[in-house]
$ cat data.txt   # compact mmCIF, C-alpha atoms and all ligand atoms
# COMPACT_ATOMS: atom_id res chain seq x y z
CA MET K 1053 269.53 155.43 194.37
CA GLU K 1054 267.47 152.37 195.14
CA ARG K 1055 268.23 149.53 197.53
CA ILE K 1056 268.61 146.26 195.63
CA TYR K 1057 269.06 142.76 197.03
CA ILE K 1058 270.90 140.22 194.92
CA GLY K 1059 270.83 136.47 195.53
CA MET K 1060 274.08 134.67 194.79
CA GLY K 1061 274.59 130.94 194.33
CA SER K 1062 277.27 128.53 193.14
CA ASN K 1063 277.78 124.80 193.14
CA LEU K 1064 280.87 124.36 190.97
CA ALA K 1065 284.57 125.23 191.01
CA ASP K 1066 285.01 126.30 194.66
CA PRO K 1067 281.62 127.92 195.36
CA ALA K 1068 282.75 130.13 198.24
CA GLU K 1069 285.54 131.54 196.08
CA GLN K 1070 283.02 132.15 193.29
CA LEU K 1071 280.86 134.15 195.70
CA ARG K 1072 283.83 136.16 196.99
CA ASN K 1073 284.79 137.01 193.40
CA ALA K 1074 281.19 137.98 192.66
CA VAL K 1075 281.17 140.34 195.65
CA GLU K 1076 284.32 142.02 194.32
CA ALA K 1077 282.69 142.40 190.92
CA LEU K 1078 279.51 143.85 192.46
CA ALA K 1079 281.63 146.39 194.33
CA GLN K 1080 282.96 147.64 190.95
CA LEU K 1081 279.57 148.23 189.30
CA PRO K 1082 279.06 151.74 187.92
CA GLN K 1083 276.56 154.12 189.57
CA SER K 1084 276.39 151.71 192.50
CA ALA K 1085 277.68 151.09 196.00
CA LEU K 1086 277.89 147.73 197.72
CA VAL K 1087 276.15 148.08 201.08
CA GLY K 1088 276.51 144.65 202.64
CA VAL K 1089 276.95 140.92 202.18
CA SER K 1090 275.33 138.19 204.27
CA ALA K 1091 277.05 135.14 205.66
CA PHE K 1092 277.48 132.22 203.27
CA TYR K 1093 275.11 129.25 203.61
CA GLN K 1094 275.41 125.71 202.29
CA SER K 1095 272.47 123.53 201.35
CA ASP K 1096 271.58 120.58 199.17
CA SER K 1097 270.43 121.38 195.65
CA LEU K 1098 266.69 121.53 195.18
CA LEU K 1099 267.27 119.18 192.27
CA PRO K 1100 268.78 115.80 193.09
CA GLY K 1101 272.09 114.73 191.64
CA GLN K 1102 273.84 118.11 191.81
CA PRO K 1103 276.63 119.21 194.16
CA ARG K 1104 275.63 121.23 197.23
CA TYR K 1105 275.20 124.95 196.77
CA THR K 1106 276.73 127.87 198.58
CA ASN K 1107 274.37 130.87 198.68
CA ALA K 1108 274.46 134.42 200.02
CA VAL K 1109 272.72 137.75 199.49
CA ALA K 1110 274.27 141.14 198.72
CA ALA K 1111 272.72 144.57 199.23
CA LEU K 1112 273.51 147.23 196.65
CA ASP K 1113 272.52 150.86 196.28
CA SER K 1114 272.34 151.72 192.59
CA SER K 1115 270.93 154.19 190.13
CA LEU K 1116 271.25 151.69 187.26
CA ALA K 1117 268.01 150.83 185.50
CA PRO K 1118 266.81 147.29 186.25
CA LEU K 1119 267.61 145.83 182.84
CA ASP K 1120 271.02 147.51 182.82
CA LEU K 1121 271.76 145.94 186.19
CA LEU K 1122 270.53 142.58 184.85
CA ASP K 1123 272.92 142.90 181.88
CA ALA K 1124 275.77 143.71 184.26
CA LEU K 1125 274.98 140.72 186.48
CA GLN K 1126 274.85 138.39 183.49
CA SER K 1127 278.22 139.64 182.33
CA ILE K 1128 279.64 138.92 185.81
CA GLU K 1129 278.16 135.41 185.61
CA ASN K 1130 279.65 134.88 182.17
CA GLY K 1131 283.00 136.30 183.31
CA GLN K 1132 283.12 133.64 186.00
CA GLY K 1133 282.74 130.85 183.50
CA ARG K 1134 278.99 130.32 183.58
CA GLU K 1135 277.90 128.00 180.81
CA ARG K 1136 274.22 127.73 180.11
CA LEU K 1137 274.11 124.07 179.18
CA GLU K 1138 270.74 123.25 180.71
CA ARG K 1139 268.09 125.17 182.57
CA TRP K 1140 268.45 124.57 186.33
CA GLY K 1141 271.85 122.90 185.69
CA PRO K 1142 274.83 123.22 188.02
CA ARG K 1143 276.54 126.58 187.72
CA THR K 1144 279.70 128.40 188.72
CA LEU K 1145 277.70 131.51 189.52
CA ASP K 1146 274.07 132.57 189.61
CA LEU K 1147 273.13 136.19 190.39
CA ASP K 1148 269.43 136.95 190.81
CA ILE K 1149 267.80 140.31 191.43
CA LEU K 1150 265.51 139.56 194.38
CA LEU K 1151 264.17 143.03 195.21
CA PHE K 1152 264.65 146.37 193.47
CA GLY K 1153 263.60 149.26 195.70
CA ASP K 1154 259.84 149.12 195.90
CA ARG K 1155 259.39 148.21 192.26
CA LEU K 1156 257.21 145.50 190.81
CA ILE K 1157 258.80 144.40 187.55
CA ASP K 1158 257.12 142.01 185.14
CA GLU K 1159 259.11 141.81 181.96
CA PRO K 1160 260.09 138.78 179.91
CA ARG K 1161 263.69 138.93 181.15
CA LEU K 1162 263.06 140.08 184.69
CA LYS K 1163 260.40 139.51 187.32
CA VAL K 1164 260.78 141.26 190.68
CA PRO K 1165 260.23 140.31 193.48
CA HIS K 1166 262.02 137.15 192.42
CA TYR K 1167 259.46 134.48 191.74
CA HIS K 1168 260.79 131.69 193.95
CA MET K 1169 262.21 133.58 196.89
CA GLN K 1170 259.34 132.84 199.27
CA GLU K 1171 259.98 129.10 199.31
CA ARG K 1172 263.76 129.26 199.44
CA ALA K 1173 265.35 129.32 202.88
CA PHE K 1174 268.75 129.87 201.23
CA VAL K 1175 267.41 133.22 199.94
CA LEU K 1176 265.21 134.38 202.83
CA TYR K 1177 267.60 133.82 205.75
CA PRO K 1178 270.60 135.60 204.24
CA LEU K 1179 268.26 138.38 203.06
CA ALA K 1180 266.98 138.76 206.61
CA GLU K 1181 270.54 139.42 207.82
CA LEU K 1182 270.70 142.55 205.66
CA ALA K 1183 267.15 143.83 205.37
CA PRO K 1184 265.26 145.87 207.96
CA ALA K 1185 263.16 143.63 210.21
CA ASP K 1186 259.96 145.26 208.96
CA LEU K 1187 260.78 144.96 205.24
CA ARG K 1188 257.67 144.88 203.07
CA LEU K 1189 258.01 143.62 199.50
CA ALA K 1190 256.62 145.66 196.61
CA ASP K 1191 253.79 143.14 196.31
CA GLY K 1192 252.69 143.87 199.89
CA ARG K 1193 254.08 140.75 201.55
CA ASP K 1194 256.14 141.13 204.71
CA LEU K 1195 259.54 139.46 204.92
CA LYS K 1196 258.79 138.31 208.45
CA ASP K 1197 255.71 136.40 207.20
CA LEU K 1198 257.72 134.73 204.44
CA LEU K 1199 260.34 133.72 207.02
CA ALA K 1200 257.71 132.35 209.38
CA ALA K 1201 256.36 130.15 206.57
CA CYS K 1202 259.82 128.92 205.47
CA PRO K 1203 261.58 126.87 208.13
CA PHE K 1204 265.34 127.06 208.54
CA VAL K 1205 265.84 123.47 207.42
CA GLY K 1206 268.82 122.00 205.65
CA LEU K 1207 270.78 125.23 205.79
CA GLU K 1208 274.28 125.35 207.18
CA ARG K 1209 275.53 128.85 207.97
CA LEU K 1210 279.26 128.95 207.32
CA PRO K 1211 281.64 130.75 209.66
CA PRO K 1212 283.15 133.94 208.20
CA THR K 1213 286.47 133.42 206.41
N1 LIG K 1301 269.53 124.75 195.39
C1 LIG K 1301 270.20 125.47 196.31
N2 LIG K 1301 270.37 124.94 197.52
N3 LIG K 1301 270.70 126.70 196.03
C2 LIG K 1301 270.54 127.25 194.79
O1 LIG K 1301 271.00 128.38 194.55
C3 LIG K 1301 269.83 126.53 193.81
N4 LIG K 1301 269.64 127.01 192.55
C4 LIG K 1301 268.98 126.32 191.61
C5 LIG K 1301 268.38 124.98 191.89
C6 LIG K 1301 268.92 123.95 190.89
C7 LIG K 1301 266.88 125.12 191.73
N5 LIG K 1301 268.67 124.52 193.23
C8 LIG K 1301 269.34 125.25 194.15
O2 LIG K 1301 268.81 126.84 190.39

$ encode --input "data.txt" --output "structure tokens"
Amino acid sequence: MERIYIGMGSNLADPAEQLRNAVEALAQLPQSALVGVSAFYQSDSLLPGQPRYTNAVAALDSSLAPLDLLDALQSIENGQGRERLERWGPRTLDLDILLFGDRLIDEPRLKVPHYHMQERAFVLYPLAELAPADLRLADGRDLKDLLAACPFVGLERLPPT
């Protein structure tokens, strides 16, 4: 079993409901156990002209291989109506593997740690709710240093529902 952190995001078709459905789907994955889910956070899109996003992070223990987990996450995205019309376009559901145990993965379909996580408050702050305070990424960076360099700006932490 390895501890995996998954970033979740939605900005279409009732985003909070999309994330709740995604959590239920993650809880059903084979060879896996859902360990925790952060609070939900709202923020403006990094790209102008899109609806606001709701984001959260889930922690999963799994013995699935990384690319098998990636396939499973993409089938959850597709099952929730994701249409890949344009890169970076609005989406009903986005599931990103942020961290996979202490693995460094550099494959065409999958790069871990996730490439953009260090500059994204909507990833780092929910991750910090679930991860140990002294978490070190597989590339040697410390989560606390990434947090210190990424201000909590523009994020709205939603009350639990
Ligand atoms: N902006 C926010 N706030 N949250 C996201 O999940 C997100 N995802 C994206 C882009 C369009 C970059 N902006 C985002 O893909």

$ closest_residue --input "data.txt" --among "K:Val1109, K:Leu1137, K:Ala1117, K:Ala1085" --to "K:Pro1178" --atoms "only C-alpha atoms"
K:Val1109

$ residues_around --input "data.txt" --residues "stretch 1129-1132 of chain K" --least-positions-apart "6" --cutoff "9 Å" --atoms "all atoms listed in the file" --output "VMD selection string"
chain K and resid 1070 1073 to 1074 1144 to 1147

$ residues_around --input "data.txt" --residues "K:Pro1165" --least-positions-apart "5" --cutoff "7 Å" --atoms "all atoms listed in the file" --output "PyMOL selection string"
chain K and resi 1150-1151+1156

$ residues_near_ligand --input "data.txt" --ligand "ligand LIG 1301 (chain K)" --cutoff "12 Å" --atoms "all atoms listed in the file" --output "PyMOL selection string"
chain K and resi 1058-1064+1067+1071+1092-1109+1136+1138-1148+1167-1169+1171-1176+1205-1208

$ closest_residue --input "data.txt" --among "K:Ile1149, K:Ala1111, K:Leu1162, K:Leu1122" --to "K:Ala1180" --atoms "only C-alpha atoms"
K:Ala1111

$ closest_residue --input "data.txt" --among "K:Asp1154, K:Asp1191, K:Asp1113, K:Glu1054" --to "K:Gly1088" --atoms "only C-alpha atoms"
K:Asp1113

$ axis_aligned_box --input "data.txt" --around "stretch 1058-1076 of chain K" --padding-each-side "8 Å" --output "JSON"
{"center_x": 278.2, "center_y": 133.2, "center_z": 194.6, "size_x": 30.7, "size_y": 33.7, "size_z": 23.3}

$ atom_distance --input "data.txt" --atom1 "atom CA of K:Tyr1057" --atom2 "atom CA of K:Asp1186"
15.2 Å

$ residues_around --input "data.txt" --residues "K:Leu1112" --least-positions-apart "4" --cutoff "7 Å" --atoms "only C-alpha atoms" --output "NGL selection string"
:K and (1055-1057 or 1084-1087)

$ residues_around --input "data.txt" --residues "K:Leu1119" --least-positions-apart "4" --cutoff "9 Å" --atoms "all atoms listed in the file" --output "compact mmCIF listing (two decimals) with C-alpha atoms, keeping the file's coordinate frame"
# COMPACT_ATOMS: atom_id res chain seq x y z
CA ASP K 1123 272.92 142.90 181.88
CA ALA K 1124 275.77 143.71 184.26
CA ARG K 1161 263.69 138.93 181.15
CA LEU K 1162 263.06 140.08 184.69

$ closest_residue --input "data.txt" --among "K:Glu1069, K:Pro1184, K:Ala1190, K:Ala1077" --to "K:Val1164" --atoms "only C-alpha atoms"
K:Ala1190

$ closest_residue --input "data.txt" --among "K:Pro1212, K:Gly1133, K:Gly1153, K:Pro1160" --to "K:Leu1187" --atoms "only C-alpha atoms"
K:Gly1153

$ atom_distance --input "data.txt" --atom1 "atom CA of K:Ala1110" --atom2 "atom CA of K:Gln1126"
15.5 Å

$ atom_distance --input "data.txt" --atom1 "atom CA of K:Phe1152" --atom2 "atom CA of K:Arg1209"
25.2 Å

$ closest_residue --input "data.txt" --among "K:Met1053, K:Asp1197, K:Leu1125, K:Pro1118" --to "K:Lys1163" --atoms "all atoms listed in the file"
K:Pro1118

$ decode --input "data.txt" --residues "stretch 1189-1209 of chain K" --atoms "N, CA, C and O atoms" --output "PDB file, in the first residue's frame"
ATOM      1  N   LEU K1189       8.321  15.807  -0.122  1.00  0.00           N
ATOM      2  CA  LEU K1189       7.975  15.261  -1.432  1.00  0.00           C
ATOM      3  C   LEU K1189       9.124  14.390  -1.935  1.00  0.00           C
ATOM      4  O   LEU K1189      10.273  14.528  -1.487  1.00  0.00           O
ATOM      5  N   ALA K1190       8.811  13.523  -2.909  1.00  0.00           N
ATOM      6  CA  ALA K1190       9.820  12.607  -3.440  1.00  0.00           C
ATOM      7  C   ALA K1190      10.986  13.351  -4.071  1.00  0.00           C
ATOM      8  O   ALA K1190      12.085  12.814  -4.177  1.00  0.00           O
ATOM      9  N   ASP K1191      10.762  14.598  -4.472  1.00  0.00           N
ATOM     10  CA  ASP K1191      11.858  15.378  -5.064  1.00  0.00           C
ATOM     11  C   ASP K1191      12.661  16.138  -4.005  1.00  0.00           C
ATOM     12  O   ASP K1191      13.528  16.942  -4.342  1.00  0.00           O
ATOM     13  N   GLY K1192      12.370  15.887  -2.724  1.00  0.00           N
ATOM     14  CA  GLY K1192      13.173  16.474  -1.654  1.00  0.00           C
ATOM     15  C   GLY K1192      12.611  17.765  -1.081  1.00  0.00           C
ATOM     16  O   GLY K1192      13.099  18.248  -0.060  1.00  0.00           O
ATOM     17  N   ARG K1193      11.585  18.326  -1.723  1.00  0.00           N
ATOM     18  CA  ARG K1193      11.017  19.568  -1.196  1.00  0.00           C
ATOM     19  C   ARG K1193      10.096  19.268  -0.021  1.00  0.00           C
ATOM     20  O   ARG K1193       9.428  18.241   0.010  1.00  0.00           O
ATOM     21  N   ASP K1194      10.050  20.194   0.927  1.00  0.00           N
ATOM     22  CA  ASP K1194       9.189  20.049   2.099  1.00  0.00           C
ATOM     23  C   ASP K1194       7.880  20.790   1.874  1.00  0.00           C
ATOM     24  O   ASP K1194       7.889  21.952   1.433  1.00  0.00           O
ATOM     25  N   LEU K1195       6.782  20.137   2.225  1.00  0.00           N
ATOM     26  CA  LEU K1195       5.476  20.779   2.062  1.00  0.00           C
ATOM     27  C   LEU K1195       5.432  22.111   2.801  1.00  0.00           C
ATOM     28  O   LEU K1195       4.880  23.085   2.297  1.00  0.00           O
ATOM     29  N   LYS K1196       6.036  22.173   3.975  1.00  0.00           N
ATOM     30  CA  LYS K1196       5.946  23.428   4.730  1.00  0.00           C
ATOM     31  C   LYS K1196       6.648  24.580   4.001  1.00  0.00           C
ATOM     32  O   LYS K1196       6.212  25.726   4.090  1.00  0.00           O
ATOM     33  N   ASP K1197       7.706  24.279   3.238  1.00  0.00           N
ATOM     34  CA  ASP K1197       8.368  25.329   2.458  1.00  0.00           C
ATOM     35  C   ASP K1197       7.501  25.773   1.272  1.00  0.00           C
ATOM     36  O   ASP K1197       7.455  26.963   0.941  1.00  0.00           O
ATOM     37  N   LEU K1198       6.835  24.810   0.650  1.00  0.00           N
ATOM     38  CA  LEU K1198       5.936  25.180  -0.459  1.00  0.00           C
ATOM     39  C   LEU K1198       4.802  26.056   0.064  1.00  0.00           C
ATOM     40  O   LEU K1198       4.425  27.050  -0.569  1.00  0.00           O
ATOM     41  N   LEU K1199       4.265  25.701   1.240  1.00  0.00           N
ATOM     42  CA  LEU K1199       3.184  26.502   1.822  1.00  0.00           C
ATOM     43  C   LEU K1199       3.670  27.911   2.151  1.00  0.00           C
ATOM     44  O   LEU K1199       2.972  28.896   1.896  1.00  0.00           O
ATOM     45  N   ALA K1200       4.869  27.992   2.702  1.00  0.00           N
ATOM     46  CA  ALA K1200       5.380  29.308   3.101  1.00  0.00           C
ATOM     47  C   ALA K1200       5.568  30.219   1.890  1.00  0.00           C
ATOM     48  O   ALA K1200       5.465  31.441   2.006  1.00  0.00           O
ATOM     49  N   ALA K1201       5.816  29.620   0.723  1.00  0.00           N
ATOM     50  CA  ALA K1201       6.037  30.408  -0.490  1.00  0.00           C
ATOM     51  C   ALA K1201       4.749  30.641  -1.275  1.00  0.00           C
ATOM     52  O   ALA K1201       4.772  31.268  -2.331  1.00  0.00           O
ATOM     53  N   CYS K1202       3.626  30.133  -0.787  1.00  0.00           N
ATOM     54  CA  CYS K1202       2.357  30.203  -1.536  1.00  0.00           C
ATOM     55  C   CYS K1202       1.277  30.771  -0.623  1.00  0.00           C
ATOM     56  O   CYS K1202       0.658  30.027   0.137  1.00  0.00           O
ATOM     57  N   PRO K1203       1.083  32.087  -0.650  1.00  0.00           N
ATOM     58  CA  PRO K1203       0.149  32.683   0.301  1.00  0.00           C
ATOM     59  C   PRO K1203      -1.287  32.178   0.115  1.00  0.00           C
ATOM     60  O   PRO K1203      -1.685  31.818  -0.987  1.00  0.00           O
ATOM     61  N   PHE K1204      -2.003  32.176   1.229  1.00  0.00           N
ATOM     62  CA  PHE K1204      -3.412  31.783   1.230  1.00  0.00           C
ATOM     63  C   PHE K1204      -4.212  32.990   0.751  1.00  0.00           C
ATOM     64  O   PHE K1204      -4.752  33.757   1.526  1.00  0.00           O
ATOM     65  N   VAL K1205      -4.231  33.175  -0.555  1.00  0.00           N
ATOM     66  CA  VAL K1205      -4.880  34.353  -1.135  1.00  0.00           C
ATOM     67  C   VAL K1205      -5.953  33.885  -2.108  1.00  0.00           C
ATOM     68  O   VAL K1205      -5.711  32.992  -2.910  1.00  0.00           O
ATOM     69  N   GLY K1206      -7.117  34.491  -1.986  1.00  0.00           N
ATOM     70  CA  GLY K1206      -8.183  34.200  -2.948  1.00  0.00           C
ATOM     71  C   GLY K1206      -8.881  32.880  -2.716  1.00  0.00           C
ATOM     72  O   GLY K1206      -9.702  32.472  -3.521  1.00  0.00           O
ATOM     73  N   LEU K1207      -8.540  32.221  -1.618  1.00  0.00           N
ATOM     74  CA  LEU K1207      -9.183  30.945  -1.308  1.00  0.00           C
ATOM     75  C   LEU K1207     -10.282  31.177  -0.290  1.00  0.00           C
ATOM     76  O   LEU K1207     -10.087  31.899   0.689  1.00  0.00           O
ATOM     77  N   GLU K1208     -11.398  30.512  -0.510  1.00  0.00           N
ATOM     78  CA  GLU K1208     -12.500  30.574   0.448  1.00  0.00           C
ATOM     79  C   GLU K1208     -12.790  29.147   0.897  1.00  0.00           C
ATOM     80  O   GLU K1208     -13.200  28.304   0.095  1.00  0.00           O
ATOM     81  N   ARG K1209     -12.515  28.879   2.174  1.00  0.00           N
ATOM     82  CA  ARG K1209     -12.739  27.526   2.702  1.00  0.00           C
ATOM     83  C   ARG K1209     -14.216  27.389   3.044  1.00  0.00           C
ATOM     84  O   ARG K1209     -14.757  28.172   3.830  1.00  0.00           O
TER      85      ARG K1209
END
